[in-house]
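File shown here: run_33.csv, holding CSV, C-alpha atoms and all ligand atoms.
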chain,number,residue,atom,x,y,z
A,1,MET,CA,5.2,24.1,-24.6
A,2,SER,CA,2.6,22.1,-22.7
A,3,LYS,CA,3.1,21.3,-19.0
A,4,ILE,CA,4.7,18.0,-18.1
A,5,THR,CA,2.7,15.8,-15.7
A,6,ALA,CA,3.6,12.4,-14.3
A,7,ALA,CA,1.4,9.6,-15.5
A,8,ILE,CA,1.2,5.9,-14.5
A,9,THR,CA,1.9,4.0,-17.8
A,10,ALA,CA,2.2,0.4,-16.6
A,11,VAL,CA,1.4,-1.7,-13.5
A,12,GLY,CA,2.4,-5.1,-12.1
A,13,GLY,CA,1.5,-7.1,-9.0
A,14,TYR,CA,2.4,-10.3,-7.1
A,15,VAL,CA,1.1,-12.2,-4.1
A,16,PRO,CA,2.7,-15.5,-2.9
A,17,GLU,CA,0.8,-18.7,-3.4
A,18,ASP,CA,0.3,-19.8,0.2
A,19,VAL,CA,-3.1,-18.8,1.7
A,20,LEU,CA,-3.8,-18.2,5.4
A,21,THR,CA,-7.6,-18.3,5.9
A,22,ASN,CA,-9.6,-17.2,8.9
A,23,LYS,CA,-10.4,-20.8,9.6
A,24,MET,CA,-6.7,-21.6,9.9
A,25,LEU,CA,-6.3,-18.6,12.2
A,26,GLU,CA,-9.1,-20.1,14.4
A,27,GLU,CA,-6.7,-23.0,15.1
A,28,MET,CA,-3.8,-20.7,15.9
A,29,VAL,CA,-5.4,-18.0,18.2
A,30,ASP,CA,-8.6,-17.3,20.1
A,31,THR,CA,-10.6,-15.8,17.2
A,32,THR,CA,-13.4,-16.6,14.8
A,33,ASP,CA,-14.0,-16.3,11.1
A,34,GLU,CA,-17.2,-14.3,12.0
A,35,TRP,CA,-15.3,-11.8,14.2
A,36,ILE,CA,-12.5,-11.2,11.6
A,37,THR,CA,-15.0,-10.8,8.8
A,38,THR,CA,-17.4,-8.4,10.5
A,39,ARG,CA,-14.6,-6.3,12.2
A,40,THR,CA,-12.2,-6.1,9.2
A,41,GLY,CA,-13.7,-7.5,6.0
A,42,ILE,CA,-10.7,-10.0,5.7
A,43,LYS,CA,-11.3,-13.6,4.7
A,44,GLU,CA,-7.8,-14.7,3.8
A,45,ARG,CA,-4.2,-13.4,3.2
A,46,ARG,CA,-1.2,-14.6,1.3
A,47,ILE,CA,2.0,-15.6,3.1
A,48,LEU,CA,5.6,-15.9,1.7
A,49,LYS,CA,6.5,-19.1,3.5
A,50,ASP,CA,10.0,-19.6,2.1
A,51,PRO,CA,12.3,-18.4,5.0
A,52,LYS,CA,15.1,-17.7,2.5
A,53,LYS,CA,13.0,-15.1,0.6
A,54,GLY,CA,12.4,-11.5,1.8
A,55,THR,CA,10.5,-8.5,0.6
A,56,SER,CA,12.8,-8.1,-2.4
A,57,TYR,CA,11.5,-11.4,-3.8
A,58,LEU,CA,7.9,-10.1,-3.8
A,59,ALA,CA,9.0,-6.8,-5.3
A,60,ILE,CA,11.1,-8.4,-8.0
A,61,GLN,CA,8.1,-10.6,-9.1
A,62,ALA,CA,5.8,-7.5,-9.3
A,63,ALA,CA,8.4,-5.5,-11.2
A,64,LYS,CA,9.0,-8.3,-13.6
A,65,GLU,CA,5.3,-8.7,-14.3
A,66,LEU,CA,5.2,-5.0,-15.2
A,67,ILE,CA,8.3,-5.2,-17.4
A,68,ARG,CA,6.8,-8.2,-19.3
A,69,LYS,CA,3.3,-6.6,-19.7
A,70,ALA,CA,4.7,-3.3,-20.9
A,71,ASN,CA,7.4,-4.8,-23.0
A,72,LEU,CA,9.8,-2.5,-21.3
A,73,ASP,CA,13.6,-2.5,-21.6
A,74,PRO,CA,14.6,-2.3,-17.9
A,75,LYS,CA,17.9,-0.5,-18.9
A,76,GLU,CA,15.7,2.5,-19.7
A,77,ILE,CA,14.5,2.9,-16.1
A,78,ASP,CA,16.1,5.9,-14.4
A,79,LEU,CA,15.1,5.3,-10.8
A,80,VAL,CA,13.4,2.6,-8.7
A,81,ILE,CA,11.7,3.9,-5.5
A,82,MET,CA,11.2,1.0,-3.2
A,83,GLY,CA,8.4,1.6,-0.6
A,84,THR,CA,8.6,-0.9,2.2
A,85,ALA,CA,8.3,-1.2,6.0
A,86,THR,CA,10.0,-4.6,5.9
A,87,PRO,CA,13.3,-4.2,4.0
A,88,ASP,CA,15.4,-7.4,3.5
A,89,MET,CA,17.9,-6.0,6.0
A,90,PRO,CA,18.2,-2.7,8.0
A,91,VAL,CA,21.3,-1.7,6.0
A,92,ALA,CA,21.9,-2.5,2.3
A,93,SER,CA,18.9,-0.9,0.6
A,94,THR,CA,16.4,-3.5,-0.6
A,95,GLY,CA,15.6,-1.3,-3.7
A,96,VAL,CA,19.2,-1.5,-4.9
A,97,HIS,CA,18.9,-5.3,-5.0
A,98,VAL,CA,15.5,-5.2,-6.7
A,99,ALA,CA,16.8,-2.8,-9.4
A,100,THR,CA,19.8,-4.9,-10.1
A,101,GLN,CA,17.8,-8.2,-10.2
A,102,ILE,CA,15.3,-6.8,-12.7
A,103,GLY,CA,18.0,-5.5,-15.0
A,104,ALA,CA,17.6,-1.8,-14.3
A,105,THR,CA,21.3,-1.4,-14.5
A,106,ASN,CA,21.2,2.3,-15.5
A,107,ALA,CA,19.0,3.2,-12.6
A,108,PHE,CA,19.7,4.3,-9.0
A,109,SER,CA,17.4,3.1,-6.2
A,110,TYR,CA,16.6,3.6,-2.6
A,111,ASP,CA,14.0,2.6,0.0
A,112,LEU,CA,11.3,4.9,1.2
A,113,GLN,CA,9.7,4.0,4.6
A,114,ALA,CA,6.5,5.7,5.5
A,115,ALA,CA,4.6,2.5,6.7
A,116,CYS,CA,1.3,2.1,4.9
A,117,SER,CA,1.8,5.4,3.1
A,118,SER,CA,5.2,4.4,1.5
A,119,PHE,CA,3.7,3.9,-1.9
A,120,LEU,CA,1.7,7.1,-2.0
A,121,TYR,CA,4.7,9.2,-0.8
A,122,GLY,CA,6.8,7.3,-3.4
A,123,MET,CA,4.4,8.2,-6.2
A,124,SER,CA,4.7,11.9,-5.1
A,125,THR,CA,8.5,11.8,-5.2
A,126,ALA,CA,8.5,10.1,-8.6
A,127,ALA,CA,6.1,12.7,-9.9
A,128,ALA,CA,8.3,15.6,-8.7
A,129,TYR,CA,11.3,14.1,-10.5
A,130,ILE,CA,9.3,13.6,-13.7
A,131,GLU,CA,7.6,17.0,-13.7
A,132,SER,CA,11.0,18.7,-13.2
A,133,GLY,CA,12.2,17.0,-16.3
A,134,ARG,CA,15.0,15.4,-14.4
A,135,TYR,CA,14.1,11.7,-15.0
A,136,LYS,CA,11.8,10.1,-17.5
A,137,LYS,CA,11.1,6.5,-16.3
A,138,VAL,CA,10.6,6.0,-12.6
A,139,MET,CA,9.4,2.7,-11.1
A,140,VAL,CA,7.6,2.9,-7.8
A,141,ILE,CA,7.2,-0.3,-5.9
A,142,GLY,CA,5.2,-1.1,-2.7
A,143,ALA,CA,6.1,-4.4,-1.2
A,144,ASP,CA,6.0,-5.9,2.3
A,145,LYS,CA,6.6,-9.3,3.8
A,146,MET,CA,4.5,-8.5,6.8
A,147,SER,CA,4.6,-12.2,8.0
A,148,SER,CA,8.2,-11.6,9.0
A,149,ILE,CA,7.3,-9.0,11.7
A,150,ILE,CA,4.0,-10.5,12.9
A,151,ASP,CA,3.6,-12.5,16.2
A,152,TYR,CA,1.3,-15.4,15.2
A,153,THR,CA,0.2,-15.7,18.8
A,154,ASP,CA,-1.2,-12.1,19.0
A,155,ARG,CA,-4.8,-12.1,17.8
A,156,THR,CA,-4.9,-8.4,17.6
A,157,THR,CA,-2.4,-8.2,14.8
A,158,CYS,CA,-2.0,-11.6,13.1
A,159,ILE,CA,-5.5,-11.6,11.7
A,160,ILE,CA,-4.9,-8.3,9.8
A,161,PHE,CA,-1.7,-8.5,7.8
A,162,GLY,CA,-0.5,-10.4,4.6
A,163,ASP,CA,2.3,-10.4,2.1
A,164,GLY,CA,2.4,-8.8,-1.4
A,165,ALA,CA,3.8,-6.4,-3.8
A,166,GLY,CA,2.8,-4.0,-6.6
A,167,ALA,CA,4.7,-1.8,-9.0
A,168,VAL,CA,3.9,1.1,-11.3
A,169,LEU,CA,5.9,2.9,-14.0
A,170,MET,CA,5.6,6.7,-14.1
A,171,GLU,CA,6.5,8.7,-17.2
A,172,PRO,CA,6.0,12.2,-18.5
A,173,ASN,CA,2.7,13.1,-20.1
A,174,THR,CA,1.8,16.2,-22.1
A,175,GLU,CA,-2.0,15.5,-22.4
A,176,GLY,CA,-2.7,16.7,-18.8
A,177,LEU,CA,-3.1,13.1,-17.6
A,178,GLY,CA,-1.4,11.6,-14.5
A,179,LEU,CA,-1.0,13.1,-11.0
A,180,GLN,CA,-3.1,16.3,-10.6
A,181,ASP,CA,-2.9,17.1,-6.9
A,182,GLU,CA,-1.9,15.6,-3.5
A,183,ILE,CA,-2.3,16.3,0.2
A,184,LEU,CA,0.4,14.5,2.2
A,185,ARG,CA,0.6,14.6,6.0
A,186,SER,CA,2.4,13.1,9.0
A,187,ASP,CA,2.2,13.4,12.8
A,188,SER,CA,4.3,11.6,15.4
A,189,ILE,CA,1.3,11.6,17.7
A,190,GLY,CA,1.0,8.0,16.4
A,191,ARG,CA,4.5,6.9,17.2
A,192,ASP,CA,3.4,4.8,20.2
A,193,SER,CA,0.1,3.5,18.7
A,194,LEU,CA,1.6,1.4,15.9
A,195,ASN,CA,5.2,0.4,15.9
A,196,ILE,CA,8.0,-2.2,16.3
A,197,GLU,CA,9.7,-1.0,19.4
A,198,ALA,CA,13.0,-2.7,19.2
A,199,GLY,CA,15.5,-3.4,16.5
A,200,GLY,CA,16.3,0.2,15.6
A,201,SER,CA,18.8,2.7,16.9
A,202,LEU,CA,16.7,3.6,19.9
A,203,ILE,CA,16.4,0.1,21.3
A,204,PRO,CA,18.9,-2.1,19.5
A,205,PRO,CA,18.0,-5.8,19.5
A,206,THR,CA,19.1,-7.9,22.4
A,207,GLU,CA,18.1,-11.3,23.8
A,208,GLU,CA,15.8,-9.4,26.2
A,209,THR,CA,14.0,-7.5,23.4
A,210,VAL,CA,13.5,-10.7,21.5
A,211,ALA,CA,12.2,-12.5,24.7
A,212,LYS,CA,9.8,-9.7,25.2
A,213,LYS,CA,8.7,-9.9,21.5
A,214,LEU,CA,9.6,-6.3,20.9
A,215,HIS,CA,10.7,-7.1,17.4
A,216,PHE,CA,7.0,-7.7,16.4
A,217,VAL,CA,4.4,-5.2,15.3
A,218,ARG,CA,2.3,-3.9,18.1
A,219,GLN,CA,-0.7,-1.7,17.7
A,220,ASP,CA,-3.4,0.0,19.7
A,221,GLY,CA,-6.1,-0.9,17.2
A,222,LYS,CA,-8.8,1.4,18.5
A,223,THR,CA,-6.6,4.5,18.5
A,224,VAL,CA,-5.3,3.8,15.0
A,225,PHE,CA,-8.8,3.1,13.8
A,226,LYS,CA,-10.0,6.5,15.1
A,227,PHE,CA,-7.2,8.5,13.5
A,228,ALA,CA,-7.4,6.5,10.3
A,229,VAL,CA,-11.0,7.2,9.8
A,230,SER,CA,-10.8,10.9,10.5
A,231,ASN,CA,-7.6,11.6,8.7
A,232,MET,CA,-7.9,9.4,5.6
A,233,ALA,CA,-11.5,10.5,5.1
A,234,GLY,CA,-10.6,14.1,5.8
A,235,VAL,CA,-7.9,14.5,3.1
A,236,SER,CA,-10.0,12.5,0.6
A,237,GLU,CA,-12.9,14.9,1.0
A,238,GLN,CA,-10.5,17.9,1.0
A,239,ILE,CA,-8.8,16.9,-2.3
A,240,MET,CA,-12.2,16.5,-4.0
A,241,LYS,CA,-13.3,20.0,-2.8
A,242,ARG,CA,-10.0,21.6,-3.8
A,243,ASN,CA,-10.3,20.2,-7.3
A,244,ASN,CA,-14.1,20.8,-7.7
A,245,LEU,CA,-14.8,17.1,-8.0
A,246,THR,CA,-18.3,15.8,-7.2
A,247,ASN,CA,-19.0,12.1,-6.3
A,248,GLU,CA,-20.0,11.7,-10.0
A,249,ASP,CA,-16.7,12.9,-11.2
A,250,VAL,CA,-14.7,10.4,-9.2
A,251,ASP,CA,-14.5,7.1,-11.1
A,252,TRP,CA,-12.4,5.1,-8.6
A,253,LEU,CA,-11.4,5.2,-4.9
A,254,VAL,CA,-8.0,3.5,-4.4
A,255,ALA,CA,-7.8,3.4,-0.6
A,256,HIS,CA,-5.4,1.7,1.7
A,257,GLN,CA,-6.7,-1.7,2.6
A,258,ALA,CA,-6.4,-1.8,6.4
A,259,ASN,CA,-10.0,-2.4,7.4
A,260,LYS,CA,-13.2,-2.5,5.3
A,261,ARG,CA,-14.9,-0.2,7.9
A,262,ILE,CA,-12.2,2.5,7.4
A,263,ILE,CA,-12.6,2.3,3.6
A,264,ASP,CA,-16.4,2.5,3.9
A,265,ALA,CA,-16.2,5.5,6.2
A,266,THR,CA,-13.9,7.2,3.6
A,267,ALA,CA,-16.2,6.4,0.7
A,268,ASN,CA,-19.2,7.8,2.8
A,269,ARG,CA,-17.4,11.1,3.5
A,270,MET,CA,-16.8,11.4,-0.3
A,271,HIS,CA,-20.5,10.6,-0.9
A,272,LEU,CA,-19.3,7.7,-3.1
A,273,HIS,CA,-22.5,5.6,-2.9
A,274,ASP,CA,-21.7,3.4,-5.9
A,275,GLU,CA,-19.8,0.6,-4.2
A,276,ASN,CA,-18.4,-0.5,-7.6
A,277,LYS,CA,-16.2,2.6,-7.5
A,278,VAL,CA,-14.6,1.6,-4.2
A,279,LEU,CA,-11.8,-0.8,-5.1
A,280,MET,CA,-11.4,-3.6,-2.6
A,281,ASN,CA,-9.1,-6.6,-2.3
A,282,ILE,CA,-8.8,-6.7,1.5
A,283,GLU,CA,-11.0,-9.8,1.6
A,284,ARG,CA,-8.4,-11.8,-0.3
A,285,TYR,CA,-5.0,-10.3,0.8
A,286,GLY,CA,-5.6,-8.5,4.2
A,287,ASN,CA,-3.5,-5.5,4.9
A,288,THR,CA,-0.3,-5.7,2.8
A,289,THR,CA,1.0,-2.3,4.1
A,290,SER,CA,3.0,-0.6,1.3
A,291,ALA,CA,1.5,-3.0,-1.4
A,292,THR,CA,-2.2,-2.3,-1.0
A,293,LEU,CA,-2.5,0.6,-3.4
A,294,PRO,CA,-0.4,-0.8,-6.3
A,295,LEU,CA,-2.0,-4.2,-5.9
A,296,LEU,CA,-5.4,-2.6,-6.3
A,297,LEU,CA,-4.2,-1.0,-9.5
A,298,SER,CA,-2.9,-4.3,-10.7
A,299,ASP,CA,-6.1,-6.1,-9.9
A,300,TYR,CA,-8.4,-3.5,-11.4
A,301,GLU,CA,-6.3,-2.2,-14.3
A,302,LYS,CA,-8.5,-3.6,-17.0
A,303,LYS,CA,-11.5,-1.6,-15.7
A,304,PHE,CA,-9.7,1.8,-15.9
A,305,LYS,CA,-10.2,4.0,-19.0
A,306,LYS,CA,-8.0,6.8,-20.2
A,307,GLY,CA,-9.1,10.0,-18.5
A,308,ASP,CA,-10.7,8.3,-15.5
A,309,ASN,CA,-10.4,10.2,-12.2
A,310,LEU,CA,-8.8,8.2,-9.4
A,311,ILE,CA,-8.6,9.3,-5.8
A,312,PHE,CA,-5.8,7.5,-3.8
A,313,ALA,CA,-6.0,7.6,0.0
A,314,SER,CA,-3.7,6.1,2.6
A,315,PHE,CA,-3.1,5.9,6.4
A,316,GLY,CA,-0.3,4.3,8.2
A,317,GLY,CA,2.1,4.0,11.2
A,318,GLY,CA,3.9,7.1,12.3
A,319,PHE,CA,1.2,8.4,11.6
A,320,THR,CA,1.5,9.1,7.9
A,321,TRP,CA,-1.4,9.7,5.6
A,322,GLY,CA,-2.5,11.4,2.4
A,323,ALA,CA,-4.7,11.6,-0.7
A,324,ALA,CA,-3.8,12.0,-4.3
A,325,TYR,CA,-5.9,12.8,-7.4
A,326,LEU,CA,-4.7,11.1,-10.6
A,327,LYS,CA,-6.1,10.9,-14.1
A,328,TRP,CA,-5.6,7.5,-15.6
A,329,ALA,CA,-3.5,7.6,-18.8
A,330,TYR,CA,-4.3,4.5,-20.9
A,331,ASN,CA,-6.8,1.9,-21.9
A,332,SER,CA,-5.6,-1.7,-21.3
B,401,LIG,O1,-2.5,-0.2,8.1
B,401,LIG,C1,-2.1,0.5,9.2
B,401,LIG,C2,-3.2,1.1,9.9
B,401,LIG,N1,-3.9,0.2,10.7
B,401,LIG,C3,-5.2,0.2,10.8
B,401,LIG,O2,-5.8,1.1,10.2
B,401,LIG,C4,-5.9,-0.7,11.8
B,401,LIG,C5,-6.9,0.1,12.5
B,401,LIG,N2,-7.6,-0.7,13.5
B,401,LIG,C6,-8.5,-1.7,13.2
B,401,LIG,O3,-8.7,-2.1,12.1
B,401,LIG,C7,-9.3,-2.3,14.4
B,401,LIG,O4,-9.1,-1.6,15.5
B,401,LIG,C8,-8.9,-3.8,14.7
B,401,LIG,C9,-9.4,-4.7,13.5
B,401,LIG,C10,-7.4,-3.9,14.9
B,401,LIG,C11,-9.7,-4.3,15.9
B,401,LIG,O5,-11.1,-4.1,15.8
B,401,LIG,P1,-11.9,-3.3,16.9
B,401,LIG,O6,-13.3,-3.3,16.5
B,401,LIG,O7,-11.3,-1.9,17.1
B,401,LIG,O8,-11.7,-4.2,18.1
B,401,LIG,P2,-11.2,-3.8,19.6
B,401,LIG,O9,-9.7,-3.7,19.5
B,401,LIG,O10,-12.0,-2.6,20.1
B,401,LIG,O11,-11.6,-5.1,20.4
B,401,LIG,C12,-12.9,-5.4,20.7
B,401,LIG,C13,-13.0,-6.7,21.4
B,401,LIG,C14,-12.0,-6.8,22.6
B,401,LIG,O12,-12.6,-7.6,23.6
B,401,LIG,P3,-13.3,-6.9,24.8
B,401,LIG,O13,-12.3,-6.0,25.5
B,401,LIG,O14,-14.5,-6.1,24.2
B,401,LIG,O15,-13.8,-8.1,25.6
B,401,LIG,C15,-10.8,-7.5,22.0
B,401,LIG,O16,-10.1,-8.2,23.0
B,401,LIG,O17,-12.5,-7.8,20.5
B,401,LIG,C16,-11.5,-8.5,21.1
B,401,LIG,N3,-10.6,-8.9,20.0
B,401,LIG,C17,-10.8,-10.1,19.3
B,401,LIG,N4,-11.7,-11.0,19.3
B,401,LIG,C18,-11.7,-12.0,18.5
B,401,LIG,C19,-9.5,-8.3,19.5
B,401,LIG,N5,-9.0,-9.0,18.5
B,401,LIG,C20,-9.8,-10.1,18.3
B,401,LIG,C21,-9.7,-11.2,17.5
B,401,LIG,N6,-10.7,-12.2,17.6
B,401,LIG,N7,-8.8,-11.4,16.5
Hey, can you dump this file as structure tokens for me?
Amino acid sequence: MSKITAAITAVGGYVPEDVLTNKMLEEMVDTTDEWITTRTGIKERRILKDPKKGTSYLAIQAAKELIRKANLDPKEIDLVIMGTATPDMPVASTGVHVATQIGATNAFSYDLQAACSSFLYGMSTAAAYIESGRYKKVMVIGADKMSSIIDYTDRTTCIIFGDGAGAVLMEPNTEGLGLQDEILRSDSIGRDSLNIEAGGSLIPPTEETVAKKLHFVRQDGKTVFKFAVSNMAGVSEQIMKRNNLTNEDVDWLVAHQANKRIIDATANRMHLHDENKVLMNIERYGNTTSATLPLLLSDYEKKFKKGDNLIFASFGGGFTWGAAYLKWAYNS
């Protein structure tokens, strides 16, 4: 009997309509379009303005798009893994609400929080379930309403992040397609460099924590940048070597969209000189945290051919990071 691998068989994506441009940010904080563009590659981001809608709304839209495109009966879904750093609420899993709302009534669901690596870690978990034969249809979602945790008076963070969601369906494959290999890592050396200090069990929210704005994202950009470049590029190079892949063999780099300079550094380490192979949507969406990787898949799906070699790479708060090698399983 041939080995079972876990392949991506459908994708969906969603970004909200409202656009926050660099020009608009110039009116809000002491920054310029030129600074943001040259330092990050970002031109604009999407913002979910409706205060009554949380991350689940974004995730539901992405999942519904997938279901519609794949003509999938949601009752067949076994599991929904919801990657997010911005759950609707700290308790009451966001994934459970998403699964119910999309009609995945025979599935179970939970949230997976690994900051910007949530989706990559989720893909790994889904693959392990599928390879073992335990489940057959696993949806992995990456979604974040970053605007809900951003201080729009802090120019070091508000220029970076945006809202969005992406979803993939993973299913068993017997042709050798799908996930081939992965290198996943974490290190709490980054715990103080990128976090939300208050609101958890360590520092529960009080009037004082809110007054001090400790419920917003805070990052030491320079430190995060340094670790992101060395670690994300490092595992990407390592996964190529381990699988005997040359730059010619790699068809697409699907890298976390935090900063164009970090993505370029990763592509350079991989000797990927053809910039068409380096998927990019940071210019339009900024850093959508858990959503960047599945949103890239959704945006570029039509370009992928069955058998193409994709390298995924991510880096996020914690720190968490990793790379994965996946063979694309279908032609659109
Ligand atoms: O997705 C999770 C992982 N996150 C990341 O990977 C983010 C990694 N970090 C970064 O992408 C970059 O560090 C940032 C984009 C956040 C910052 O870029 P940088 O080139 O590292 O800038 P910097 O923090 O070294 O700041 C350089 C200068 C400083 O001024 P001085 O001290 O040189 O006078 C900052 O105060 O730029 C100033 N600055 C700004 N100027 C205009 C910082 N933010 C801004 C801004 N507009 N928005």
### Which residue of A:Leu194, A:Ala104, A:Ile130, A:Val250 approaches ligand LIG 401 (chain B) most closely, using all atoms listed in the file
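Looking only at the distances to ligand LIG 401 (chain B), the closest residue turns out to be A:Leu194.
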### Query
Can you tell me which residues sit at most 9 Å away from ligand LIG 401 (chain B), counting all atoms listed in the file, written as an MDAnalysis selection string?
chainID A and resid 25:26 29:36 38:40 115:117 154:161 194 219:229 256:262 287:290 314:317 319
### Query
Which residues come within 12 Å of Arg134 of chain A, counting all atoms listed in the file, excluding same-chain residues fewer than 3 positions away, as number ranges by chain?
A: 4, 6, 78-79, 125-131, 137-138, 171-172
For the selection you just gave me, I'd like the residues written to a file as a tab-separated table (two decimals), in the coordinates of the input, keeping C-alpha atoms.
chain	number	residue	atom	x	y	z
A	4	ILE	CA	4.70	18.00	-18.10
A	6	ALA	CA	3.60	12.40	-14.30
A	78	ASP	CA	16.10	5.90	-14.40
A	79	LEU	CA	15.10	5.30	-10.80
A	125	THR	CA	8.50	11.80	-5.20
A	126	ALA	CA	8.50	10.10	-8.60
A	127	ALA	CA	6.10	12.70	-9.90
A	128	ALA	CA	8.30	15.60	-8.70
A	129	TYR	CA	11.30	14.10	-10.50
A	130	ILE	CA	9.30	13.60	-13.70
A	131	GLU	CA	7.60	17.00	-13.70
A	137	LYS	CA	11.10	6.50	-16.30
A	138	VAL	CA	10.60	6.00	-12.60
A	171	GLU	CA	6.50	8.70	-17.20
A	172	PRO	CA	6.00	12.20	-18.50
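Counting all atoms listed in the file, Asp163 of chain A has the following residues at most 6 Å away, ignoring those fewer than 6 positions along the same chain: Arg46, Ile47, Asp144, Lys145, Met146 and Thr288 of chain A.
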### Query
Using all atoms listed in the file, which residue out of A:Ser118, A:Ser298, A:Asn268, A:Asn173 lies closest to Tyr14 of chain A?
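Selected residue with least distance to Tyr14 of chain A: A:Ser298.
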### Atom-to-atom span, atom CA of Ala291 of chain A and atom CA of Gly13 of chain A, Å
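Interatomic distance here is 8.6 Å.
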### Message
Restricting the calculation to all atoms listed in the file: of A:Lys43, A:Arg185, A:Lys136, A:His97, which residue gets closest to Trp321 of chain A?
### Response
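Closest to Trp321 of chain A of all the choices is A:Arg185.
Coordinates place atom CA of Gly83 of chain A at a distance of 8.5 Å from atom CA of Tyr121 of chain A.
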### Task
Using all atoms listed in the file, find the one residue out of A:Asp181, A:Ala255, A:Ile149, A:Ile239 that sits nearest to Leu214 of chain A.
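Using all atoms listed in the file, Leu214 of chain A sits closest to A:Ile149.
For the pair atom CA of Lys75 of chain A and atom CA of Val96 of chain A, the interatomic distance is 14.1 Å.
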#### Entry: Sel. within 12 Å of pt (13.6, -2.5, -20.8), counting only C-alpha atoms, output as a ChimeraX atom specification
/A:63-64,66-78,99,102-107,137,139,169
#### Entry: Best match for closeness to Gly142 of chain A among A:Val11, A:Leu293, A:Ala265, A:Ala198, counting only C-alpha atoms
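Using only C-alpha atoms, the shortest distance to Gly142 of chain A belongs to A:Leu293.
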### Query
Which one is closest to Gly200 of chain A: A:Gln61, A:Met232, A:Lys306, A:His215? Count all atoms listed in the file.
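Closest residue, counting all atoms listed in the file: A:His215.
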Shell around Ile81 of chain A at 7 Å using all atoms listed in the file, local window under 5 positions removed, as a PDB file with C-alpha atoms, in the coordinates of the input:
ATOM      1  CA  GLY A  95      15.600  -1.300  -3.700  1.00  0.00           C
ATOM      2  CA  SER A 109      17.400   3.100  -6.200  1.00  0.00           C
ATOM      3  CA  TYR A 110      16.600   3.600  -2.600  1.00  0.00           C
ATOM      4  CA  ASP A 111      14.000   2.600   0.000  1.00  0.00           C
ATOM      5  CA  LEU A 112      11.300   4.900   1.200  1.00  0.00           C
ATOM      6  CA  GLY A 122       6.800   7.300  -3.400  1.00  0.00           C
ATOM      7  CA  MET A 139       9.400   2.700 -11.100  1.00  0.00           C
ATOM      8  CA  VAL A 140       7.600   2.900  -7.800  1.00  0.00           C
ATOM      9  CA  ILE A 141       7.200  -0.300  -5.900  1.00  0.00           C
TER      10      ILE A 141
END
### Query
Which polymer residues have any atom within 10 Å of an atom of segment 327-329 of chain A, counting only C-alpha atoms, with same-chain residues fewer than 4 positions away left out, as number ranges by chain?
A: 6-10, 173, 175-180, 250-251, 301, 304-311
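With all atoms listed in the file taken into account, the protein and nucleic acid residues at most 9 Å from Asp18 of chain A (excluding it and anything under 2 positions from it in its own chain) are Val15, Pro16, Leu20, Arg45, Arg46, Ile47, Leu48 and Lys49 of chain A.
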